[in-house]
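Raw contents of protein.csv, CSV, C-alpha atoms and all ligand atoms:
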```
chain,number,residue,atom,x,y,z
A,1,MET,CA,22.5,2.9,9.9
A,2,SER,CA,24.7,4.0,12.7
A,3,LEU,CA,22.4,3.2,15.6
A,4,ASN,CA,23.6,1.4,18.7
A,5,ALA,CA,22.7,-2.2,19.2
A,6,GLU,CA,19.9,-1.6,21.7
A,7,ILE,CA,18.1,0.8,19.4
A,8,ARG,CA,18.6,-1.5,16.5
A,9,GLY,CA,16.9,-4.3,18.4
A,10,GLN,CA,14.0,-2.1,19.2
A,11,LEU,CA,13.8,-0.9,15.7
A,12,PHE,CA,13.6,-4.5,14.4
A,13,ASN,CA,10.5,-5.1,16.6
A,14,TYR,CA,9.0,-1.8,15.6
A,15,LEU,CA,9.3,-2.5,11.9
A,16,LEU,CA,7.8,-6.0,12.5
A,17,ARG,CA,4.6,-4.4,14.0
A,18,HIS,CA,4.0,-2.3,11.0
A,19,ALA,CA,4.9,-5.0,8.6
A,20,ASP,CA,2.5,-7.4,10.3
A,21,ASP,CA,-0.4,-4.9,10.2
A,22,ARG,CA,0.0,-4.7,6.5
A,23,LEU,CA,0.5,-8.4,5.8
A,24,VAL,CA,-2.4,-9.5,7.8
A,25,LEU,CA,-4.8,-6.8,6.5
A,26,GLY,CA,-3.6,-7.4,2.9
A,27,HIS,CA,-4.2,-11.1,3.4
A,28,ARG,CA,-7.7,-10.5,4.7
A,29,LEU,CA,-8.5,-8.3,1.7
A,30,SER,CA,-7.1,-10.9,-0.7
A,31,GLU,CA,-9.8,-13.3,0.6
A,32,TRP,CA,-12.3,-11.2,-1.2
A,33,CYS,CA,-10.7,-11.9,-4.6
A,34,GLY,CA,-13.4,-13.4,-6.8
A,35,HIS,CA,-16.1,-12.7,-4.2
A,36,GLY,CA,-16.4,-8.9,-4.4
A,37,PRO,CA,-19.9,-7.5,-4.6
A,38,MET,CA,-19.2,-6.1,-8.1
A,39,LEU,CA,-16.3,-6.4,-10.5
A,40,GLU,CA,-14.9,-2.9,-9.8
A,41,GLU,CA,-14.9,-3.6,-6.1
A,42,ASP,CA,-13.3,-7.0,-6.5
A,43,LEU,CA,-10.5,-5.2,-8.4
A,44,ALA,CA,-10.3,-2.4,-5.8
A,45,LEU,CA,-9.9,-4.8,-2.9
A,46,ALA,CA,-7.3,-6.9,-4.7
A,47,ASN,CA,-5.4,-3.7,-5.6
A,48,ILE,CA,-5.4,-2.4,-2.0
A,49,ALA,CA,-4.3,-5.9,-0.8
A,50,LEU,CA,-1.4,-5.8,-3.2
A,51,ASP,CA,-0.4,-2.3,-2.0
A,52,LEU,CA,-0.5,-3.4,1.6
A,53,ILE,CA,1.5,-6.6,1.0
A,54,GLY,CA,4.0,-4.6,-1.0
A,55,GLN,CA,4.3,-2.2,1.9
A,56,ALA,CA,4.7,-5.1,4.3
A,57,SER,CA,7.5,-6.4,2.2
A,58,LEU,CA,9.3,-3.0,2.4
A,59,PHE,CA,9.0,-3.1,6.2
A,60,TYR,CA,10.1,-6.8,6.5
A,61,LYS,CA,13.1,-6.3,4.2
A,62,LEU,CA,14.3,-3.4,6.4
A,63,ALA,CA,13.5,-5.4,9.5
A,64,ALA,CA,15.6,-8.4,8.2
A,65,GLU,CA,18.5,-6.0,7.4
A,66,THR,CA,18.2,-4.4,10.8
A,67,GLU,CA,18.2,-7.8,12.6
A,68,ALA,CA,21.1,-9.0,10.4
A,69,ASN,CA,20.7,-12.5,11.7
A,70,GLY,CA,20.3,-14.4,8.5
A,71,ARG,CA,16.5,-14.3,8.5
A,72,SER,CA,14.9,-13.1,5.2
A,73,GLU,CA,11.8,-11.1,4.7
A,74,ASP,CA,10.0,-14.3,3.8
A,75,ASP,CA,11.2,-16.0,7.0
A,76,LEU,CA,9.7,-13.2,9.0
A,77,ALA,CA,6.4,-13.4,7.1
A,78,PHE,CA,5.9,-17.1,6.9
A,79,LEU,CA,7.8,-18.8,9.7
A,80,ARG,CA,6.6,-16.9,12.8
A,81,ASP,CA,3.6,-18.1,14.9
A,82,SER,CA,0.7,-16.0,16.0
A,83,ALA,CA,2.1,-15.2,19.4
A,84,GLU,CA,5.1,-13.6,17.6
A,85,PHE,CA,2.9,-11.5,15.4
A,86,ARG,CA,2.6,-7.9,16.5
A,87,ASN,CA,-0.3,-6.6,14.3
A,88,LEU,CA,-3.3,-4.8,15.6
A,89,GLN,CA,-6.3,-7.0,16.5
A,90,LEU,CA,-8.4,-4.8,14.3
A,91,VAL,CA,-6.7,-6.0,11.1
A,92,GLU,CA,-7.0,-9.7,11.8
A,93,GLN,CA,-10.8,-9.6,12.3
A,94,PRO,CA,-12.6,-11.7,9.7
A,95,ASN,CA,-14.1,-10.0,6.6
A,96,GLY,CA,-17.7,-10.5,7.7
A,97,ASP,CA,-20.0,-8.8,5.2
A,98,PHE,CA,-18.9,-6.1,2.8
A,99,ALA,CA,-19.9,-3.4,5.3
A,100,TYR,CA,-17.7,-5.0,8.0
A,101,THR,CA,-14.7,-5.1,5.6
A,102,ILE,CA,-15.3,-1.4,4.7
A,103,ALA,CA,-15.6,-0.3,8.3
A,104,ARG,CA,-12.4,-2.2,9.3
A,105,GLN,CA,-10.6,-0.7,6.4
A,106,PHE,CA,-11.9,2.8,7.1
A,107,PHE,CA,-10.7,2.8,10.7
A,108,PHE,CA,-7.3,1.5,9.6
A,109,ASP,CA,-7.0,3.9,6.6
A,110,VAL,CA,-7.7,7.0,8.6
A,111,TYR,CA,-5.0,5.9,11.1
A,112,ASP,CA,-2.6,4.9,8.4
A,113,VAL,CA,-2.6,8.2,6.6
A,114,LEU,CA,-1.9,10.0,9.8
A,115,PHE,CA,0.7,7.5,10.9
A,116,LEU,CA,2.5,7.5,7.5
A,117,GLU,CA,2.6,11.3,7.3
A,118,GLN,CA,4.5,11.3,10.5
A,119,LEU,CA,6.6,8.3,9.7
A,120,SER,CA,7.8,10.0,6.5
A,121,LEU,CA,9.4,12.6,8.8
A,122,SER,CA,11.5,10.0,10.6
A,123,THR,CA,15.1,10.9,11.1
A,124,GLU,CA,16.0,7.4,9.8
A,125,ALA,CA,16.2,7.8,6.1
A,126,GLU,CA,15.2,4.3,5.2
A,127,ILE,CA,12.1,4.5,7.5
A,128,SER,CA,11.1,7.9,6.2
A,129,ALA,CA,11.4,6.5,2.6
A,130,ILE,CA,8.9,3.7,3.4
A,131,GLY,CA,6.6,6.3,5.0
A,132,ALA,CA,6.6,8.5,2.0
A,133,LYS,CA,6.2,5.6,-0.5
A,134,ALA,CA,3.3,4.0,1.5
A,135,LEU,CA,1.6,7.4,2.1
A,136,LYS,CA,0.8,8.0,-1.5
A,137,GLU,CA,-1.1,4.7,-1.6
A,138,ALA,CA,-2.8,5.1,1.8
A,139,GLN,CA,-4.3,8.4,0.6
A,140,TYR,CA,-6.2,6.8,-2.2
A,141,HIS,CA,-7.2,3.8,0.0
A,142,LEU,CA,-8.7,6.3,2.4
A,143,ARG,CA,-10.6,8.1,-0.4
A,144,HIS,CA,-12.0,4.8,-1.5
A,145,THR,CA,-13.2,3.6,1.9
A,146,GLN,CA,-14.5,7.1,2.8
A,147,GLN,CA,-16.7,7.0,-0.3
A,148,TRP,CA,-18.1,3.6,0.7
A,149,MET,CA,-18.8,4.8,4.2
A,150,LEU,CA,-21.0,7.5,2.8
A,151,ARG,CA,-22.7,5.3,0.2
A,152,LEU,CA,-23.5,2.5,2.6
A,153,GLY,CA,-24.2,4.7,5.7
A,154,ASP,CA,-26.4,7.1,3.8
A,155,GLY,CA,-27.7,4.4,1.5
A,156,THR,CA,-30.6,1.9,2.0
A,157,GLU,CA,-32.0,0.9,5.3
A,158,GLU,CA,-30.2,-2.4,5.1
A,159,SER,CA,-26.8,-1.0,4.1
A,160,HIS,CA,-27.1,1.6,6.9
A,161,ARG,CA,-28.0,-1.0,9.5
A,162,ARG,CA,-25.2,-3.4,8.4
A,163,LEU,CA,-22.6,-0.6,8.5
A,164,GLN,CA,-23.7,0.7,11.8
A,165,ASP,CA,-23.5,-2.8,13.3
A,166,ALA,CA,-20.0,-3.1,11.9
A,167,VAL,CA,-18.9,0.2,13.3
A,168,ASP,CA,-20.3,-0.7,16.7
A,169,ASP,CA,-18.7,-4.1,16.7
A,170,LEU,CA,-15.2,-2.9,15.5
A,171,TRP,CA,-15.0,0.1,17.8
A,172,ARG,CA,-13.5,-1.8,20.6
A,173,PHE,CA,-10.4,-2.5,18.5
A,174,THR,CA,-9.7,1.1,17.6
A,175,GLN,CA,-8.3,2.4,20.9
A,176,GLU,CA,-5.0,0.5,20.9
A,177,MET,CA,-3.8,2.1,17.7
A,178,PHE,CA,-3.0,5.2,19.8
A,179,VAL,CA,-1.7,3.7,23.1
A,180,PRO,CA,2.1,3.8,22.9
A,181,ASP,CA,4.2,1.2,24.9
A,182,GLU,CA,7.8,1.4,26.0
A,183,LEU,CA,9.1,0.6,22.5
A,184,ASP,CA,7.1,3.5,21.0
A,185,HIS,CA,8.3,5.9,23.7
A,186,THR,CA,11.9,5.0,23.1
A,187,LEU,CA,11.7,5.4,19.3
A,188,THR,CA,9.6,8.5,19.6
A,189,ALA,CA,12.2,10.1,21.8
A,190,GLU,CA,14.8,9.3,19.1
A,191,VAL,CA,12.6,11.0,16.5
A,192,ILE,CA,12.5,7.7,14.6
A,193,ALA,CA,8.9,6.9,15.2
A,194,PRO,CA,5.6,9.0,15.3
A,195,ASP,CA,4.1,10.0,18.7
A,196,LEU,CA,1.0,7.9,18.6
A,197,GLU,CA,-0.9,9.9,21.2
A,198,THR,CA,-0.8,13.0,19.0
A,199,LEU,CA,-2.5,11.1,16.2
A,200,ARG,CA,-5.5,10.2,18.2
A,201,SER,CA,-7.4,13.5,18.1
A,202,SER,CA,-7.0,13.9,14.4
A,203,TRP,CA,-8.2,10.3,13.9
A,204,GLN,CA,-11.2,10.9,16.2
A,205,GLU,CA,-12.1,14.1,14.4
A,206,SER,CA,-11.9,12.6,10.9
A,207,VAL,CA,-13.8,9.5,11.9
A,208,GLU,CA,-16.5,11.5,13.6
A,209,GLN,CA,-16.9,13.8,10.6
A,210,THR,CA,-17.3,10.8,8.1
A,211,LEU,CA,-19.7,9.0,10.4
A,212,ARG,CA,-21.8,12.1,10.7
A,213,GLU,CA,-21.9,12.7,7.0
A,214,ALA,CA,-22.8,9.0,6.6
A,215,THR,CA,-25.7,9.4,9.1
A,216,LEU,CA,-24.1,6.9,11.4
A,217,GLU,CA,-23.9,7.1,15.2
A,218,LEU,CA,-20.6,7.4,16.9
A,219,PRO,CA,-20.2,4.4,19.3
A,220,GLU,CA,-20.0,4.8,23.0
A,221,ASP,CA,-16.4,5.2,24.2
A,222,SER,CA,-17.3,3.6,27.5
A,223,GLN,CA,-17.5,0.1,26.1
A,224,TYR,CA,-14.7,-2.5,26.6
A,225,MET,CA,-11.6,-1.7,24.6
A,226,THR,CA,-9.1,-4.3,23.6
A,227,SER,CA,-5.3,-4.0,24.2
A,228,GLY,CA,-2.2,-6.0,24.0
A,229,SER,CA,-1.8,-6.9,20.3
A,230,ARG,CA,1.6,-5.2,20.1
A,231,GLY,CA,2.7,-7.5,22.9
A,232,GLY,CA,1.5,-10.6,20.9
A,233,TYR,CA,-2.1,-10.9,22.3
A,234,HIS,CA,-4.5,-11.8,19.6
A,235,THR,CA,-8.0,-12.9,18.9
A,236,GLU,CA,-8.6,-16.5,17.9
A,237,HIS,CA,-8.9,-15.4,14.2
A,238,LEU,CA,-5.2,-14.7,13.6
A,239,GLY,CA,-4.1,-18.4,14.0
A,240,TYR,CA,-6.5,-19.5,11.3
A,241,LEU,CA,-5.4,-16.8,9.0
A,242,LEU,CA,-1.7,-17.7,9.5
A,243,ALA,CA,-2.4,-21.4,9.0
A,244,GLU,CA,-3.8,-20.7,5.6
A,245,MET,CA,-1.2,-18.0,4.6
A,246,GLN,CA,1.8,-20.0,5.8
A,247,VAL,CA,0.9,-23.5,4.8
A,248,MET,CA,3.1,-23.6,1.7
A,249,GLN,CA,6.3,-22.5,3.4
A,250,ARG,CA,5.6,-24.7,6.4
A,251,THR,CA,4.9,-27.7,4.3
A,252,HIS,CA,7.6,-27.2,1.7
A,253,PRO,CA,10.3,-25.0,3.4
A,254,GLY,CA,12.1,-22.8,0.9
A,255,ALA,CA,9.7,-23.6,-1.9
A,256,ALA,CA,10.0,-21.2,-4.8
A,257,TRP,CA,8.8,-20.9,-8.3
B,1,MET,CA,29.1,-2.0,-27.3
B,2,VAL,CA,25.8,-0.2,-27.0
B,3,ASN,CA,25.9,2.3,-24.1
B,4,ALA,CA,23.9,1.3,-21.0
B,5,TRP,CA,21.2,4.0,-21.2
B,6,ASP,CA,20.5,3.1,-24.9
B,7,CYS,CA,20.2,-0.6,-23.9
B,8,LEU,CA,17.8,0.2,-21.1
B,9,ARG,CA,15.6,2.2,-23.6
B,10,SER,CA,14.9,-1.1,-25.3
B,11,VAL,CA,13.6,-2.7,-22.2
B,12,PRO,CA,9.8,-2.6,-22.2
B,13,ASP,CA,7.6,-2.1,-19.2
B,14,PRO,CA,6.2,-5.6,-18.8
B,15,GLU,CA,2.7,-4.4,-18.0
B,16,ILE,CA,2.5,-1.8,-20.8
B,17,PRO,CA,5.0,-3.0,-23.4
B,18,VAL,CA,4.6,0.2,-25.6
B,19,VAL,CA,6.7,2.2,-23.2
B,20,ASP,CA,10.1,1.5,-21.8
B,21,VAL,CA,11.6,1.5,-18.3
B,22,VAL,CA,13.6,4.6,-18.9
B,23,SER,CA,10.8,6.8,-20.2
B,24,MET,CA,8.5,5.6,-17.4
B,25,GLY,CA,11.1,7.0,-14.9
B,26,ILE,CA,11.7,3.5,-13.4
B,27,VAL,CA,15.4,3.7,-14.1
B,28,ARG,CA,16.9,6.2,-11.7
B,29,GLU,CA,20.7,5.9,-12.0
B,30,VAL,CA,23.2,4.2,-14.2
B,31,GLU,CA,26.8,3.9,-13.2
B,32,GLU,CA,29.1,2.6,-15.9
B,33,THR,CA,32.7,1.6,-15.4
B,34,PRO,CA,34.9,-0.2,-18.0
B,35,GLU,CA,34.2,-3.4,-16.1
B,36,SER,CA,30.6,-3.1,-14.9
B,37,VAL,CA,27.2,-1.5,-15.0
B,38,THR,CA,25.1,-0.7,-11.9
B,39,VAL,CA,21.5,0.2,-12.6
B,40,THR,CA,19.2,1.6,-9.8
B,41,ILE,CA,15.5,1.2,-10.3
B,42,THR,CA,12.5,2.3,-8.3
B,43,PRO,CA,9.1,0.6,-8.0
B,44,THR,CA,6.1,2.6,-9.3
B,45,TYR,CA,3.9,1.1,-6.5
B,46,SER,CA,5.0,-0.7,-3.3
B,47,GLY,CA,3.4,-4.0,-4.5
B,48,CYS,CA,4.4,-3.6,-8.2
B,49,PRO,CA,4.5,-7.3,-9.2
B,50,ALA,CA,6.7,-6.4,-12.3
B,51,MET,CA,9.8,-5.4,-10.4
B,52,TYR,CA,11.4,-8.9,-10.6
B,53,GLU,CA,10.6,-9.2,-14.3
B,54,ILE,CA,12.0,-5.7,-14.9
B,55,GLU,CA,15.2,-6.6,-13.1
B,56,LEU,CA,15.6,-9.7,-15.2
B,57,SER,CA,14.9,-7.9,-18.5
B,58,ILE,CA,17.4,-5.2,-17.6
B,59,ARG,CA,20.1,-7.8,-16.8
B,60,GLU,CA,19.4,-9.7,-20.0
B,61,ALA,CA,19.4,-6.6,-22.2
B,62,LEU,CA,22.7,-5.3,-20.8
B,63,GLN,CA,24.4,-8.7,-21.0
B,64,SER,CA,23.4,-9.4,-24.5
B,65,ALA,CA,24.9,-6.0,-25.5
B,66,GLY,CA,28.2,-7.1,-24.0
B,67,HIS,CA,28.0,-5.7,-20.5
B,68,THR,CA,29.1,-8.8,-18.6
B,69,GLN,CA,29.1,-7.4,-15.0
B,70,VAL,CA,25.6,-6.1,-14.2
B,71,GLU,CA,24.2,-5.2,-10.9
B,72,VAL,CA,20.6,-4.0,-10.4
B,73,LYS,CA,19.7,-2.2,-7.2
B,74,THR,CA,16.3,-0.9,-6.0
B,75,LYS,CA,15.6,2.2,-4.0
B,76,ILE,CA,12.3,3.8,-3.0
B,77,ALA,CA,13.4,7.4,-2.3
B,78,PRO,CA,12.7,9.8,-3.8
B,79,VAL,CA,9.2,8.4,-4.3
B,80,TRP,CA,8.3,7.6,-7.9
B,81,THR,CA,5.8,10.0,-9.4
B,82,THR,CA,3.9,10.0,-12.7
B,83,ASP,CA,5.6,13.4,-13.3
B,84,TRP,CA,8.7,11.4,-14.3
B,85,ILE,CA,7.0,9.9,-17.3
B,86,THR,CA,8.4,11.6,-20.4
B,87,GLU,CA,6.3,13.5,-23.0
B,88,GLU,CA,6.9,10.8,-25.6
B,89,ALA,CA,5.8,8.0,-23.3
B,90,ARG,CA,2.6,9.9,-22.5
B,91,GLU,CA,1.8,10.0,-26.3
B,92,GLN,CA,2.6,6.3,-26.5
B,93,LEU,CA,0.2,5.5,-23.6
B,94,ARG,CA,-2.5,7.6,-25.3
B,95,SER,CA,-2.2,5.8,-28.6
B,96,TYR,CA,-2.1,2.5,-26.8
B,97,GLY,CA,-5.5,3.4,-25.4
B,98,ILE,CA,-4.5,4.5,-21.9
B,99,ALA,CA,-5.2,8.1,-21.0
B,100,PRO,CA,-1.9,9.4,-19.7
B,101,PRO,CA,-1.6,11.0,-16.2
B,102,GLU,CA,-2.0,14.7,-15.9
B,103,ARG,CA,1.3,16.7,-15.7
B,104,ARG,CA,2.8,18.1,-12.5
B,105,CYS,CA,0.3,16.2,-10.4
B,106,ALA,CA,2.9,15.8,-7.7
B,107,SER,CA,2.5,19.5,-7.0
B,108,GLY,CA,-1.2,19.3,-7.4
B,109,ASN,CA,-1.2,21.7,-10.3
B,110,ASP,CA,-2.7,21.4,-13.8
B,111,LEU,CA,-5.3,18.7,-12.9
B,112,LYS,CA,-7.7,18.3,-15.8
B,113,THR,CA,-10.2,15.7,-16.5
B,114,PRO,CA,-8.6,13.0,-18.6
B,115,ALA,CA,-9.8,13.0,-22.2
B,116,CYS,CA,-11.4,9.9,-23.7
B,117,THR,CA,-8.9,7.9,-25.7
B,118,PHE,CA,-11.5,7.0,-28.3
B,119,CYS,CA,-13.1,10.3,-29.2
B,120,GLY,CA,-11.0,12.9,-27.3
B,121,SER,CA,-14.0,14.3,-25.4
B,122,GLU,CA,-13.2,15.8,-22.0
B,123,LYS,CA,-16.6,14.8,-20.7
B,124,THR,CA,-15.6,11.7,-18.9
B,125,ARG,CA,-16.3,10.3,-15.4
B,126,LEU,CA,-14.4,8.1,-12.9
B,127,GLN,CA,-15.9,4.6,-12.8
B,128,SER,CA,-13.4,3.3,-10.3
B,129,GLU,CA,-10.0,4.4,-8.9
B,130,PHE,CA,-8.8,0.8,-9.3
B,131,GLY,CA,-8.3,-1.1,-12.5
B,132,SER,CA,-6.5,-4.1,-14.0
B,133,THR,CA,-3.1,-3.0,-12.6
B,134,PRO,CA,-2.3,-0.7,-9.6
B,135,CYS,CA,-1.3,2.2,-11.9
B,136,LYS,CA,-4.7,2.4,-13.7
B,137,ALA,CA,-8.1,3.8,-13.0
B,138,LEU,CA,-11.3,3.1,-15.0
B,139,ARG,CA,-13.2,5.9,-16.6
B,140,VAL,CA,-16.2,6.2,-18.9
B,141,CYS,CA,-16.7,8.7,-21.7
B,142,LEU,CA,-20.0,10.5,-21.5
B,143,GLU,CA,-20.0,11.4,-25.2
B,144,CYS,CA,-19.2,8.1,-26.9
B,145,LEU,CA,-20.0,6.0,-23.8
B,146,GLN,CA,-16.8,3.9,-24.1
B,147,PRO,CA,-15.0,2.8,-21.0
B,148,PHE,CA,-11.3,3.4,-21.0
B,149,GLU,CA,-8.3,3.2,-18.7
B,150,HIS,CA,-6.5,6.2,-17.2
B,151,PHE,CA,-3.0,6.1,-15.8
B,152,LYS,CA,-3.5,7.4,-12.3
B,153,CYS,CA,-1.7,10.5,-11.3
B,154,ILE,CA,0.5,9.9,-8.2
C,1,ZN,ZN,-15.3,9.1,-26.0
```
Let me see whether you can do it: turn the structure in this file into C-alpha cells.
Amino acid sequence: MSLNAEIRGQLFNYLLRHADDRLVLGHRLSEWCGHGPMLEEDLALANIALDLIGQASLFYKLAAETEANGRSEDDLAFLRDSAEFRNLQLVEQPNGDFAYTIARQFFFDVYDVLFLEQLSLSTEAEISAIGAKALKEAQYHLRHTQQWMLRLGDGTEESHRRLQDAVDDLWRFTQEMFVPDELDHTLTAEVIAPDLETLRSSWQESVEQTLREATLELPEDSQYMTSGSRGGYHTEHLGYLLAEMQVMQRTHPGAAW
Amino acid sequence: MVNAWDCLRSVPDPEIPVVDVVSMGIVREVEETPESVTVTITPTYSGCPAMYEIELSIREALQSAGHTQVEVKTKIAPVWTTDWITEEAREQLRSYGIAPPERRCASGNDLKTPACTFCGSEKTRLQSEFGSTPCKALRVCLECLQPFEHFKCI
C-alpha cells in the first residue's frame, strides 16, 4: 500500500472498527452454541458466528499489517480492553431471547450487506477484497434473519410480542451505524471507505419493508439514540463479553495448541 | 520428482476427503522454480477452519515428493466461487452423498433445484441454509423423504 503515514494510521483504526463489530457479534452468536431453539438453528447461528469471526480475522490481519508495529491479529483481538474496542453498541448487546438475537442480527445484516457492497468498491485493493469476500456471506445471513423476522413477527401472539419488544428495545442502537465521524469523512474522501450517510435511506427502506411484512410496528424515531461506540464508549455488557473471550490469552499469554 | 500440480491433486479437502484441493478451486496459482515451489490458495469461506490443515497437507505432499523449498500463500481475491469446482469433483460429491452446487451460479444462471442424492428426484425442499460445515445446506427429498446435504452455490 502506497499510502502516506497519516492515512495509514487512520486506516488501521478504521479496520479495527469493522473487525471489532464482527468479532463481538460472532462471539455473541457463539454463545448460542448448544442452546439453539432447534438443531437447524443451532447450526445456523454457529455457522454465522464462524463467518463473522473469519471476517474479523481478515480485517485484523490487514489492520496488523497496516500498523506494522509487531502486533499480530490475535494481539488485536485478545489483548485490548473494552475502551479500546470500536464496535457498535448494537452488536455487544446480550442475546436475550431468540427474538432479541434475531432482531439484533437483522438490523446488523441489513446494514452489513449495504456496507460491504460499498466496501467492495474501495480503491484499496486489499479492502475491496475483504468487502467482496464478506458480502457473499452477509447476503445469506440476511436471507436467514429476514425469514425469521417474518416467521416470528407474523407468527404466534407470543412470538410477535417478543419480537416487537426486541425491535423496540434495540432501535436506539441503530442510528449510530450511519453517523460518520472525522475518520469516516477522511477515508470516504479518499474513496477508501463507504459514505455511511448514503446507506441510511436504503437501510431504513429495507427495514421498514420487512417490519411491515412481519406485521410489526416501526419504532418511534424520537426516542433516545445512542452514540459514541466508534470512540470507545460502550454499554456495560462489552466488558463481561471480553473477560470471557480473552481469559485464555490473558491468563496464559501466547498459549497455542 | 512429481510435478507440483500433480502432487497437489493428491491433497484431499480435509472436510470432504473424496475431492482434492485443486478440483475444488482452492489452489489458485503454482509457481515452480528449480529451487522452490510457491502455492497460492484461497479460502472457500472467510471462517473456513480447514485452511491451516490444507496448508500443512500441501507442504507435506510437496516435501515428500522432493520439493524442499515450499511456500504457501493465501489470497482472497478474486473471491472463491463454487463455479470453480470441476465437473469431475461435482460427480465425486454426488456419489459421496452431497448434491453438488448448481453451475454458473456466480452469474445467477442455470439455477435448478438440487436433485436428491438417494433417488434422483428433483422434488426436494430446503430444510436449512446451514449445515454441518459452512459450505453445506440441508435439504429433504419429497419423494423418498430422505434428508441430504447440498453444497451451497456461492
Ligand atoms: Zn429422494
Nearby polymer residues, ligand ZN 1 (chain C), at most 8 Å, all atoms listed in the file, as a ChimeraX atom specification:
/B:115-121,123-124,140-146
Give me, as a count of residues only, the residues of chain B touching chain A, with the criterion being at most 6 Å (counting only C-alpha atoms).
6
Give me, as CSV, the closest atom pair and its distance (Å, one decimal) for every residue of range 33-130 of chain A within a cut-off of 8 Å of range 150-165 of chain A, counting all atoms listed in the file, rows sorted by chain and rising number.
```
residue,atom,partner,partner_atom,distance
A:Ala99,CA,A:Leu163,CA,5.0
A:Tyr100,CA,A:Leu163,CA,6.6
A:Ala103,CA,A:Leu163,CA,7.0
```
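Using only C-alpha atoms, the smallest distance between any of B:Arg139, B:Ala89, B:Ile26, B:Leu62 and Glu122 in chain B comes from B:Arg139.
Interatomic distance, CA of Met1 in chain B to CA of Gln69 in chain B: 13.4 Å.
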Using all atoms listed in the file, determine which residues lie at most 12 Å from Arg28 in chain B, disregarding the query and same-chain residues fewer than 5 positions distant; provide the list as a list in words.
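Contacts, with the query itself left out: Trp5, Leu8, Val21, Val22, Ser23, Thr38, Val39, Thr40, Ile41, Thr42, Pro43, Thr44, Val72, Lys73, Thr74, Lys75, Ile76, Ala77, Pro78, Val79, Trp80, Thr81, Trp84 and Ile85 of chain B.
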Identify which of the residues B:Glu60, B:Glu102, B:Glu31, B:Asp20 lies closest to Ala4 in chain B, counting all atoms listed in the file when measuring atom-to-atom distances.
B:Glu31
One-decimal distance in Å that lies between CA of Pro49 in chain B and CA of Thr133 in chain B
9.4 Å
Give me, please, the distance in Å between CA of His234 in chain A and CA of Arg28 in chain A, quoted to one decimal.
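Spanning CA of His234 in chain A to CA of Arg28 in chain A is a straight-line distance of 15.3 Å.
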Which neighbours of range 82-97 of chain A fall inside 7 Å, counting all atoms listed in the file, when residues of the same chain fewer than 6 positions from it are skipped, and could you give them as a VMD selection string?
chain A and resid 16 to 18 20 to 21 24 to 25 28 104 173 to 174 229 to 235 237 to 239
Show me the residues close to (-18.8, 7.2, 15.4) - anything with an atom within 10 Å, counting all atoms listed in the file - and format the list as JSON, numbers by chain.
{"A": [164, 167, 168, 171, 204, 205, 206, 207, 208, 209, 210, 211, 212, 214, 215, 216, 217, 218, 219, 220, 221]}
File dump, residues just selected, C-alpha atoms, as a compact mmCIF listing (two decimals), in the coordinates of the input:
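That gives us part08.txt:
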```
# COMPACT_ATOMS: atom_id res chain seq x y z
CA GLN A 164 -23.70 0.70 11.80
CA VAL A 167 -18.90 0.20 13.30
CA ASP A 168 -20.30 -0.70 16.70
CA TRP A 171 -15.00 0.10 17.80
CA GLN A 204 -11.20 10.90 16.20
CA GLU A 205 -12.10 14.10 14.40
CA SER A 206 -11.90 12.60 10.90
CA VAL A 207 -13.80 9.50 11.90
CA GLU A 208 -16.50 11.50 13.60
CA GLN A 209 -16.90 13.80 10.60
CA THR A 210 -17.30 10.80 8.10
CA LEU A 211 -19.70 9.00 10.40
CA ARG A 212 -21.80 12.10 10.70
CA ALA A 214 -22.80 9.00 6.60
CA THR A 215 -25.70 9.40 9.10
CA LEU A 216 -24.10 6.90 11.40
CA GLU A 217 -23.90 7.10 15.20
CA LEU A 218 -20.60 7.40 16.90
CA PRO A 219 -20.20 4.40 19.30
CA GLU A 220 -20.00 4.80 23.00
CA ASP A 221 -16.40 5.20 24.20
```
Using all atoms listed in the file, which of B:Glu55, B:Tyr45, B:Ser10, B:Lys112 sits nearest Lys136 in chain B?
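Among the listed residues, B:Tyr45 lies closest to Lys136 in chain B.
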Please provide the set of residues having any atom within 10 Å of Leu138 in chain B, restricted to only C-alpha atoms, with same-chain residues fewer than 5 positions apart removed, written as a list in words.
Glu40 of chain A; Ile98, Ala99, Arg125, Leu126, Gln127, Ser128, Glu129, Phe130, Gly131, Ser132, Pro147, Phe148, Glu149, His150, Phe151 and Lys152 of chain B
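Take the candidates A:Glu182, A:Glu213, A:Asp195, A:Glu124 and check each one against Gln146 in chain A using all atoms listed in the file; the shortest distance goes to A:Glu213.
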Which is closest to Cys153 in chain B among B:Val27, B:Val2, B:Ala137, B:Ile58, if we use all atoms listed in the file?
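Going through B:Val27, B:Val2, B:Ala137, B:Ile58 one by one, the smallest distance to Cys153 in chain B is for B:Ala137.
Nearest to Ile127 in chain A of all the residues A:Leu62, A:Val247, A:Ala255, A:Leu242 is A:Leu62, counting all atoms listed in the file.
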